[in-house]
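Chemist: Structure file query-v8.cif (mmCIF, C-alpha atoms) right here:
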```
data_final
#
loop_
_atom_site.label_atom_id
_atom_site.label_comp_id
_atom_site.auth_asym_id
_atom_site.auth_seq_id
_atom_site.Cartn_x
_atom_site.Cartn_y
_atom_site.Cartn_z
CA MET A 1 89.34 59.41 134.20
CA ASP A 2 91.49 60.42 137.15
CA LEU A 3 95.00 59.08 137.77
CA VAL A 4 96.85 58.02 140.91
CA PHE A 5 100.65 58.08 140.73
CA PHE A 6 102.75 55.73 142.84
CA GLY A 7 106.51 55.45 142.98
CA ILE A 8 109.39 55.27 145.40
CA GLN A 9 110.84 58.64 146.37
CA GLY A 10 113.15 59.73 143.54
CA SER A 11 111.21 57.86 140.82
CA GLY A 12 110.36 61.13 139.07
CA LYS A 13 106.60 60.89 139.44
CA GLY A 14 106.31 64.57 140.39
CA THR A 15 108.19 65.63 137.26
CA GLN A 16 106.05 63.32 135.10
CA ALA A 17 102.85 64.60 136.76
CA LYS A 18 103.74 68.19 135.80
CA LYS A 19 104.46 67.20 132.19
CA LEU A 20 101.22 65.22 131.88
CA ALA A 21 99.20 68.02 133.52
CA ALA A 22 100.66 70.60 131.13
CA GLU A 23 99.88 68.53 128.04
CA PHE A 24 96.52 67.01 128.98
CA GLY A 25 95.04 69.46 131.49
CA TYR A 26 95.18 67.33 134.61
CA ASP A 27 94.72 69.15 137.91
CA ILE A 28 97.43 67.84 140.25
CA PHE A 29 96.47 66.92 143.80
CA GLU A 30 99.76 66.55 145.63
CA ALA A 31 99.08 65.85 149.30
CA GLY A 32 101.91 67.99 150.66
CA GLY A 33 101.01 70.89 148.36
CA GLU A 34 97.33 70.71 149.28
CA LEU A 35 98.23 70.76 152.98
CA ARG A 36 100.39 73.86 152.44
CA LYS A 37 97.52 75.57 150.55
CA ILE A 38 95.15 74.84 153.42
CA VAL A 39 97.62 76.21 155.98
CA ALA A 40 98.04 79.37 153.87
CA SER A 41 94.25 79.82 153.68
CA GLY A 42 94.13 80.63 157.40
CA SER A 43 90.98 78.51 157.79
CA GLU A 44 90.22 76.55 160.95
CA LEU A 45 91.36 73.38 159.20
CA GLY A 46 94.52 75.23 158.08
CA THR A 47 95.34 76.22 161.65
CA THR A 48 94.89 72.62 162.81
CA VAL A 49 97.11 71.29 160.00
CA ALA A 50 99.78 73.94 160.76
CA THR A 51 99.97 72.76 164.37
CA TYR A 52 100.92 69.23 163.26
CA ILE A 53 103.38 70.38 160.61
CA ASP A 54 105.05 72.95 162.90
CA GLN A 55 105.66 70.25 165.51
CA GLY A 56 107.10 67.89 162.88
CA HIS A 57 104.24 65.39 163.25
CA LEU A 58 102.38 63.60 160.49
CA VAL A 59 98.96 65.08 159.80
CA PRO A 60 96.37 62.54 161.08
CA HIS A 61 94.54 60.26 158.67
CA GLU A 62 91.11 61.82 159.28
CA ILE A 63 92.39 65.30 158.42
CA ILE A 64 94.20 64.10 155.28
CA MET A 65 91.01 62.42 154.07
CA GLN A 66 88.99 65.57 154.84
CA VAL A 67 91.49 67.50 152.69
CA VAL A 68 91.04 64.98 149.84
CA LYS A 69 87.24 65.18 150.10
CA GLU A 70 87.25 69.00 150.09
CA ALA A 71 89.74 69.18 147.22
CA ILE A 72 87.53 66.92 145.08
CA ALA A 73 84.37 68.84 146.02
CA LEU A 74 85.98 72.17 145.03
CA ARG A 75 86.89 70.94 141.55
CA PRO A 76 84.33 70.74 138.75
CA LYS A 77 83.08 67.24 137.91
CA SER A 78 84.68 67.64 134.48
CA ALA A 79 88.17 68.22 135.93
CA LYS A 80 90.68 65.42 135.48
CA ILE A 81 92.58 64.97 138.74
CA LEU A 82 96.04 63.46 139.07
CA PHE A 83 96.65 62.30 142.65
CA ASP A 84 100.27 62.22 143.81
CA GLY A 85 101.05 61.08 147.37
CA ILE A 86 97.67 59.63 148.24
CA PRO A 87 96.69 56.94 149.23
CA ARG A 88 99.85 56.06 151.16
CA ASP A 89 98.53 53.14 153.20
CA GLU A 90 95.62 50.69 153.33
CA ALA A 91 93.49 52.84 155.66
CA GLN A 92 93.84 55.80 153.29
CA MET A 93 93.07 53.50 150.36
CA GLU A 94 89.76 52.41 151.89
CA ASP A 95 88.68 55.99 152.54
CA PHE A 96 90.02 57.20 149.18
CA ASN A 97 88.05 54.50 147.36
CA ALA A 98 84.89 55.49 149.26
CA ILE A 99 85.39 59.22 148.56
CA MET A 100 86.01 58.57 144.86
CA ALA A 101 82.98 56.26 144.56
CA GLY A 102 80.82 58.77 146.47
CA SER A 103 81.93 61.52 144.08
CA GLY A 104 81.25 59.34 141.03
CA ARG A 105 84.92 59.50 139.98
CA ASP A 106 86.80 56.60 138.42
CA PHE A 107 90.59 56.28 138.41
CA ARG A 108 93.50 54.17 137.35
CA CYS A 109 96.96 53.93 138.86
CA ILE A 110 100.43 54.39 137.39
CA HIS A 111 103.35 52.79 139.26
CA PHE A 112 106.76 54.27 138.40
CA LEU A 113 109.27 51.47 138.85
CA LEU A 114 112.76 52.31 140.08
CA ASP A 115 115.12 50.33 142.31
CA ALA A 116 116.13 51.79 145.67
CA ASP A 117 119.82 52.28 144.81
CA GLU A 118 119.08 54.37 141.72
CA ALA A 119 116.39 56.29 143.62
CA THR A 120 118.86 57.12 146.40
CA LYS A 121 121.44 58.36 143.85
CA ARG A 122 118.82 60.60 142.25
CA ILE A 123 117.64 62.01 145.59
CA LEU A 124 121.16 62.78 146.77
CA GLY A 125 121.88 64.43 143.41
CA ARG A 126 118.70 66.48 143.69
CA ALA A 127 119.69 67.57 147.20
CA LYS A 128 123.04 68.80 145.90
CA HIS A 129 121.60 70.70 142.90
CA GLU A 130 118.36 72.02 144.41
CA GLY A 131 119.48 72.51 148.00
CA ARG A 132 116.73 70.33 149.45
CA ALA A 133 117.93 69.64 152.98
CA ASP A 134 115.45 66.80 153.66
CA ASP A 135 116.83 65.01 150.59
CA ALA A 136 120.45 65.23 151.78
CA ASN A 137 119.90 63.03 154.84
CA THR A 138 120.44 59.38 153.90
CA GLU A 139 118.74 58.19 157.10
CA ILE A 140 115.55 60.11 156.20
CA ILE A 141 115.68 58.78 152.62
CA LEU A 142 115.99 55.18 153.84
CA ARG A 143 113.15 55.69 156.35
CA ARG A 144 110.87 57.03 153.60
CA MET A 145 111.75 54.11 151.33
CA LYS A 146 111.04 51.63 154.12
CA THR A 147 107.66 53.29 154.70
CA PHE A 148 106.93 53.06 150.97
CA ARG A 149 107.78 49.33 150.94
CA GLU A 150 105.83 48.51 154.09
CA LYS A 151 102.81 50.81 153.80
CA THR A 152 102.32 51.82 150.15
CA MET A 153 103.33 48.62 148.30
CA PRO A 154 100.33 46.72 149.78
CA VAL A 155 98.08 49.47 148.36
CA ILE A 156 99.65 49.06 144.91
CA LYS A 157 99.26 45.27 145.16
CA ALA A 158 95.57 45.64 146.07
CA TYR A 159 94.97 47.91 143.07
CA GLU A 160 96.91 45.47 140.84
CA LYS A 161 94.49 42.69 141.86
CA SER A 162 91.58 44.84 140.66
CA GLY A 163 93.34 45.57 137.34
CA LYS A 164 93.80 49.30 138.01
CA VAL A 165 97.63 49.52 137.76
CA SER A 166 99.87 50.19 134.78
CA GLU A 167 103.63 50.13 135.30
CA VAL A 168 106.14 52.56 133.82
CA ASP A 169 109.90 51.92 133.82
CA ALA A 170 111.29 55.05 135.54
CA ASP A 171 114.95 54.02 135.17
CA ARG A 172 115.49 56.13 132.04
CA ASP A 173 115.75 59.78 131.07
CA ILE A 174 112.75 62.07 131.65
CA GLU A 175 111.60 62.14 128.00
CA SER A 176 111.76 58.34 127.58
CA VAL A 177 109.74 57.83 130.76
CA TYR A 178 107.23 60.45 129.58
CA GLY A 179 106.90 58.75 126.21
CA GLU A 180 105.96 55.47 127.93
CA LEU A 181 103.64 57.28 130.33
CA ARG A 182 101.79 58.92 127.43
CA ARG A 183 101.35 55.55 125.71
CA VAL A 184 99.94 54.07 128.93
CA VAL A 185 97.58 56.97 129.66
CA VAL A 186 96.32 57.98 126.22
#
```
Could the structure of this file be written out as structure tokens, please?
Modeler:
Amino acid sequence: MDLVFFGIQGSGKGTQAKKLAAEFGYDIFEAGGELRKIVASGSELGTTVATYIDQGHLVPHEIIMQVVKEAIALRPKSAKILFDGIPRDEAQMEDFNAIMAGSGRDFRCIHFLLDADEATKRILGRAKHEGRADDANTEIILRRMKTFREKTMPVIKAYEKSGKVSEVDADRDIESVYGELRRVVV
């Protein structure tokens, strides 16, 4: 069964995804990473995506969903996929659900819970240690968190209503969070 990871920026879901993938063989689909791979491929779709990214614009919904569809089609049916960063809003959720159903893939969701203050502290710390410029700008951080609350939380709530969501307390050290994640997933 595939997994979909949700969590406010700074919740550590990317770190946990890598740990889970290493131990259980999940193939990580991280939207930003997939877009970069497509740009690097030099394909027609890659050139189109590059135009949006280079101008600092969000890649349109239709293109993102095409990327998801292609990424699923390129993986063997037996592959376990861990989705990180998709779906981000209700329109993406509708298309994602249709793509998954059309591909005969089932999934469950993991929501990494962390309050905004702790998340901001983590992000600013990460910016200092890893030199990530986009993480050092508090205004950008707050904008991303607002987008998460307004656009992604309704997606999580919809999946909760259908019984697809398990919650993991992300306000602990990496190993403790991973221990809970393993119990939830296995």
Chemist: Provide an axis-aligned box for all listed atoms of region 163-182 of chain A, padding each side by 6 Å; report its centre and its edge lengths in Å to one decimal, as lines of an AutoDock Vina configuration file.
Modeler:
```
center_x = 104.5
center_y = 53.9
center_z = 132.1
size_x = 34.4
size_y = 28.6
size_z = 23.8
```
Chemist: Determine, counting only C-alpha atoms, which protein, DNA and RNA residues have an atom within 12 Å of an atom of Tyr52 (chain A); residues of the same chain fewer than 6 positions away are not included. Present the result as a list in words.
Modeler: Leu35, Arg36, Val39, Leu45, Gly46, Leu58, Val59, Pro60, His61, Ile63 and Ile64 of chain A
Chemist: So how far away is CA of Lys151 (chain A) from CA of Asp89 (chain A), in Å?
Modeler: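 We find that CA of Asp89 (chain A) and CA of Lys151 (chain A) lie 4.9 Å from each other.
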Chemist: Between CA of Gly10 (chain A) and CA of Ala119 (chain A), what is the spacing in Å?
Modeler: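 A separation of 4.7 Å between them.
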Chemist: For the structure shown, which residues end up in the PyMOL selection byres ((chain A and resi 38) around 12)? Put them as a PDB file with C-alpha atoms, in the frame of the given file, please?
Modeler:
```
ATOM      1  CA  ALA A  31      99.080  65.850 149.300  1.00  0.00           C
ATOM      2  CA  GLY A  32     101.910  67.990 150.660  1.00  0.00           C
ATOM      3  CA  GLY A  33     101.010  70.890 148.360  1.00  0.00           C
ATOM      4  CA  GLU A  34      97.330  70.710 149.280  1.00  0.00           C
ATOM      5  CA  LEU A  35      98.230  70.760 152.980  1.00  0.00           C
ATOM      6  CA  ARG A  36     100.390  73.860 152.440  1.00  0.00           C
ATOM      7  CA  LYS A  37      97.520  75.570 150.550  1.00  0.00           C
ATOM      8  CA  VAL A  39      97.620  76.210 155.980  1.00  0.00           C
ATOM      9  CA  ALA A  40      98.040  79.370 153.870  1.00  0.00           C
ATOM     10  CA  SER A  41      94.250  79.820 153.680  1.00  0.00           C
ATOM     11  CA  GLY A  42      94.130  80.630 157.400  1.00  0.00           C
ATOM     12  CA  SER A  43      90.980  78.510 157.790  1.00  0.00           C
ATOM     13  CA  GLU A  44      90.220  76.550 160.950  1.00  0.00           C
ATOM     14  CA  LEU A  45      91.360  73.380 159.200  1.00  0.00           C
ATOM     15  CA  GLY A  46      94.520  75.230 158.080  1.00  0.00           C
ATOM     16  CA  THR A  47      95.340  76.220 161.650  1.00  0.00           C
ATOM     17  CA  THR A  48      94.890  72.620 162.810  1.00  0.00           C
ATOM     18  CA  VAL A  49      97.110  71.290 160.000  1.00  0.00           C
ATOM     19  CA  ALA A  50      99.780  73.940 160.760  1.00  0.00           C
ATOM     20  CA  ILE A  53     103.380  70.380 160.610  1.00  0.00           C
ATOM     21  CA  ILE A  63      92.390  65.300 158.420  1.00  0.00           C
ATOM     22  CA  ILE A  64      94.200  64.100 155.280  1.00  0.00           C
ATOM     23  CA  GLN A  66      88.990  65.570 154.840  1.00  0.00           C
ATOM     24  CA  VAL A  67      91.490  67.500 152.690  1.00  0.00           C
ATOM     25  CA  VAL A  68      91.040  64.980 149.840  1.00  0.00           C
ATOM     26  CA  GLU A  70      87.250  69.000 150.090  1.00  0.00           C
ATOM     27  CA  ALA A  71      89.740  69.180 147.220  1.00  0.00           C
TER      28      ALA A  71
END
```
Chemist: I'd like the interatomic distance between CA of Leu114 (chain A) and CA of Ala170 (chain A), to a tenth of an Å.
Modeler: 5.5 Å
Chemist: So which residues get picked by the PyMOL selection byres ((chain A and resi 107) around 10) here, written as a list in words?
Modeler: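 Against this file, the PyMOL selection byres ((chain A and resi 107) around 10) returns the residues Met1, Asp2, Leu3, Val4, Lys80, Ile81, Leu82, Phe83, Asn97, Met100, Ala101, Arg105, Asp106, Arg108, Cys109, Lys164 and Val165 of chain A.
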Chemist: On this structure, the PyMOL selection byres ((chain A and resi 181) around 9) would catch which residues? List them as a PyMOL selection string, sorted by chain and number.
Modeler: chain A and resi 16+20+110+167-169+176-180+182-186
Chemist: Let me make sure I understand: among A:Ala127, A:Ala21, A:Ile99, A:Leu113, which one has the smallest atom-to-atom distance to Ser166 (chain A) if we use only C-alpha atoms?
Modeler: A:Leu113
Chemist: Could you tell me which of A:Val155, A:Leu124, A:Ile28, A:Ile140 comes closest to Met93 (chain A) if we count all atoms listed in the file?
Modeler: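 Using all atoms listed in the file, the shortest distance to Met93 (chain A) belongs to A:Val155.
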Chemist: Pick from A:Lys161, A:Thr147, A:Ile8, A:Gly25: nearest to Ala79 (chain A), with all atoms listed in the file counted?
Modeler: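 Among the listed residues, A:Gly25 lies closest to Ala79 (chain A).
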Chemist: Could you tell me which of A:Ser78, A:Gly85, A:Lys121, A:Ala73 comes closest to Ser103 (chain A) if we count all atoms listed in the file?
Modeler: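 Using all atoms listed in the file, Ser103 (chain A) sits closest to A:Ala73.
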Chemist: Compare A:Phe112, A:Phe148, A:Phe29, A:Tyr159 by their minimum atom-to-atom distance to Arg88 (chain A), counting all atoms listed in the file, and give me the closest one.
Modeler: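 Of A:Phe112, A:Phe148, A:Phe29, A:Tyr159, the one nearest Arg88 (chain A) is A:Phe148, counting all atoms listed in the file.
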Chemist: With all atoms listed in the file as the basis for distance, which of A:Glu90, A:Gln55, A:Pro76, A:Asp27 is at the shortest distance from Ala158 (chain A)?
Modeler: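 Smallest distance to Ala158 (chain A) is found for A:Glu90.
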Chemist: Would you mind completing region 152-180 of chain A to N, CA and C atoms and writing the output as an mmCIF file, keeping the file's coordinate frame?
Modeler:
```
data_model
loop_
_atom_site.group_PDB
_atom_site.id
_atom_site.type_symbol
_atom_site.label_atom_id
_atom_site.label_comp_id
_atom_site.auth_asym_id
_atom_site.auth_seq_id
_atom_site.Cartn_x
_atom_site.Cartn_y
_atom_site.Cartn_z
ATOM 1 N N THR A 152 102.930 51.481 151.447
ATOM 2 C CA THR A 152 102.320 51.820 150.150
ATOM 3 C C THR A 152 102.307 50.638 149.189
ATOM 4 N N MET A 153 103.320 49.772 149.216
ATOM 5 C CA MET A 153 103.330 48.620 148.300
ATOM 6 C C MET A 153 102.076 47.740 148.455
ATOM 7 N N PRO A 154 101.577 47.491 149.677
ATOM 8 C CA PRO A 154 100.330 46.720 149.780
ATOM 9 C C PRO A 154 99.140 47.398 149.091
ATOM 10 N N VAL A 155 99.133 48.723 149.066
ATOM 11 C CA VAL A 155 98.080 49.470 148.360
ATOM 12 C C VAL A 155 98.192 49.206 146.864
ATOM 13 N N ILE A 156 99.419 49.305 146.342
ATOM 14 C CA ILE A 156 99.650 49.060 144.910
ATOM 15 C C ILE A 156 99.242 47.637 144.557
ATOM 16 N N LYS A 157 99.614 46.682 145.409
ATOM 17 C CA LYS A 157 99.260 45.270 145.160
ATOM 18 C C LYS A 157 97.741 45.081 145.133
ATOM 19 N N ALA A 158 97.036 45.747 146.035
ATOM 20 C CA ALA A 158 95.570 45.640 146.070
ATOM 21 C C ALA A 158 94.966 46.198 144.775
ATOM 22 N N TYR A 159 95.473 47.337 144.316
ATOM 23 C CA TYR A 159 94.970 47.910 143.070
ATOM 24 C C TYR A 159 95.349 47.043 141.866
ATOM 25 N N GLU A 160 96.522 46.385 141.926
ATOM 26 C CA GLU A 160 96.910 45.470 140.840
ATOM 27 C C GLU A 160 95.902 44.335 140.719
ATOM 28 N N LYS A 161 95.455 43.801 141.864
ATOM 29 C CA LYS A 161 94.490 42.690 141.860
ATOM 30 C C LYS A 161 93.173 43.097 141.189
ATOM 31 N N SER A 162 92.825 44.386 141.290
ATOM 32 C CA SER A 162 91.580 44.840 140.660
ATOM 33 C C SER A 162 91.813 45.388 139.251
ATOM 34 N N GLY A 163 93.045 45.196 138.728
ATOM 35 C CA GLY A 163 93.340 45.570 137.340
ATOM 36 C C GLY A 163 93.462 47.070 137.100
ATOM 37 N N LYS A 164 93.740 47.839 138.140
ATOM 38 C CA LYS A 164 93.800 49.300 138.010
ATOM 39 C C LYS A 164 95.201 49.850 137.766
ATOM 40 N N VAL A 165 96.248 49.005 137.788
ATOM 41 C CA VAL A 165 97.630 49.520 137.760
ATOM 42 C C VAL A 165 98.316 49.257 136.421
ATOM 43 N N SER A 166 98.944 50.321 135.916
ATOM 44 C CA SER A 166 99.870 50.190 134.780
ATOM 45 C C SER A 166 101.246 50.566 135.307
ATOM 46 N N GLU A 167 102.262 49.854 134.843
ATOM 47 C CA GLU A 167 103.630 50.130 135.300
ATOM 48 C C GLU A 167 104.402 50.889 134.231
ATOM 49 N N VAL A 168 105.267 51.799 134.700
ATOM 50 C CA VAL A 168 106.140 52.560 133.820
ATOM 51 C C VAL A 168 107.561 52.419 134.343
ATOM 52 N N ASP A 169 108.487 52.057 133.455
ATOM 53 C CA ASP A 169 109.900 51.920 133.820
ATOM 54 C C ASP A 169 110.488 53.319 133.992
ATOM 55 N N ALA A 170 110.800 53.699 135.239
ATOM 56 C CA ALA A 170 111.290 55.050 135.540
ATOM 57 C C ALA A 170 112.815 55.132 135.526
ATOM 58 N N ASP A 171 113.488 54.038 135.155
ATOM 59 C CA ASP A 171 114.950 54.020 135.170
ATOM 60 C C ASP A 171 115.520 54.438 133.799
ATOM 61 N N ARG A 172 115.028 55.577 133.315
ATOM 62 C CA ARG A 172 115.490 56.130 132.040
ATOM 63 C C ARG A 172 115.429 57.649 132.134
ATOM 64 N N ASP A 173 115.809 58.318 131.052
ATOM 65 C CA ASP A 173 115.750 59.780 131.070
ATOM 66 C C ASP A 173 114.293 60.253 131.073
ATOM 67 N N ILE A 174 114.086 61.499 131.463
ATOM 68 C CA ILE A 174 112.750 62.070 131.650
ATOM 69 C C ILE A 174 111.873 61.910 130.410
ATOM 70 N N GLU A 175 112.405 62.201 129.231
ATOM 71 C CA GLU A 175 111.600 62.140 128.000
ATOM 72 C C GLU A 175 111.199 60.707 127.641
ATOM 73 N N SER A 176 112.091 59.753 127.860
ATOM 74 C CA SER A 176 111.760 58.340 127.580
ATOM 75 C C SER A 176 110.659 57.857 128.512
ATOM 76 N N VAL A 177 110.770 58.217 129.783
ATOM 77 C CA VAL A 177 109.740 57.830 130.760
ATOM 78 C C VAL A 177 108.411 58.467 130.354
ATOM 79 N N TYR A 178 108.465 59.749 129.964
ATOM 80 C CA TYR A 178 107.230 60.450 129.580
ATOM 81 C C TYR A 178 106.600 59.818 128.340
ATOM 82 N N GLY A 179 107.422 59.408 127.397
ATOM 83 C CA GLY A 179 106.900 58.750 126.210
ATOM 84 C C GLY A 179 106.117 57.483 126.573
ATOM 85 N N GLU A 180 106.666 56.689 127.488
ATOM 86 C CA GLU A 180 105.960 55.470 127.930
ATOM 87 C C GLU A 180 104.708 55.836 128.707
#
```
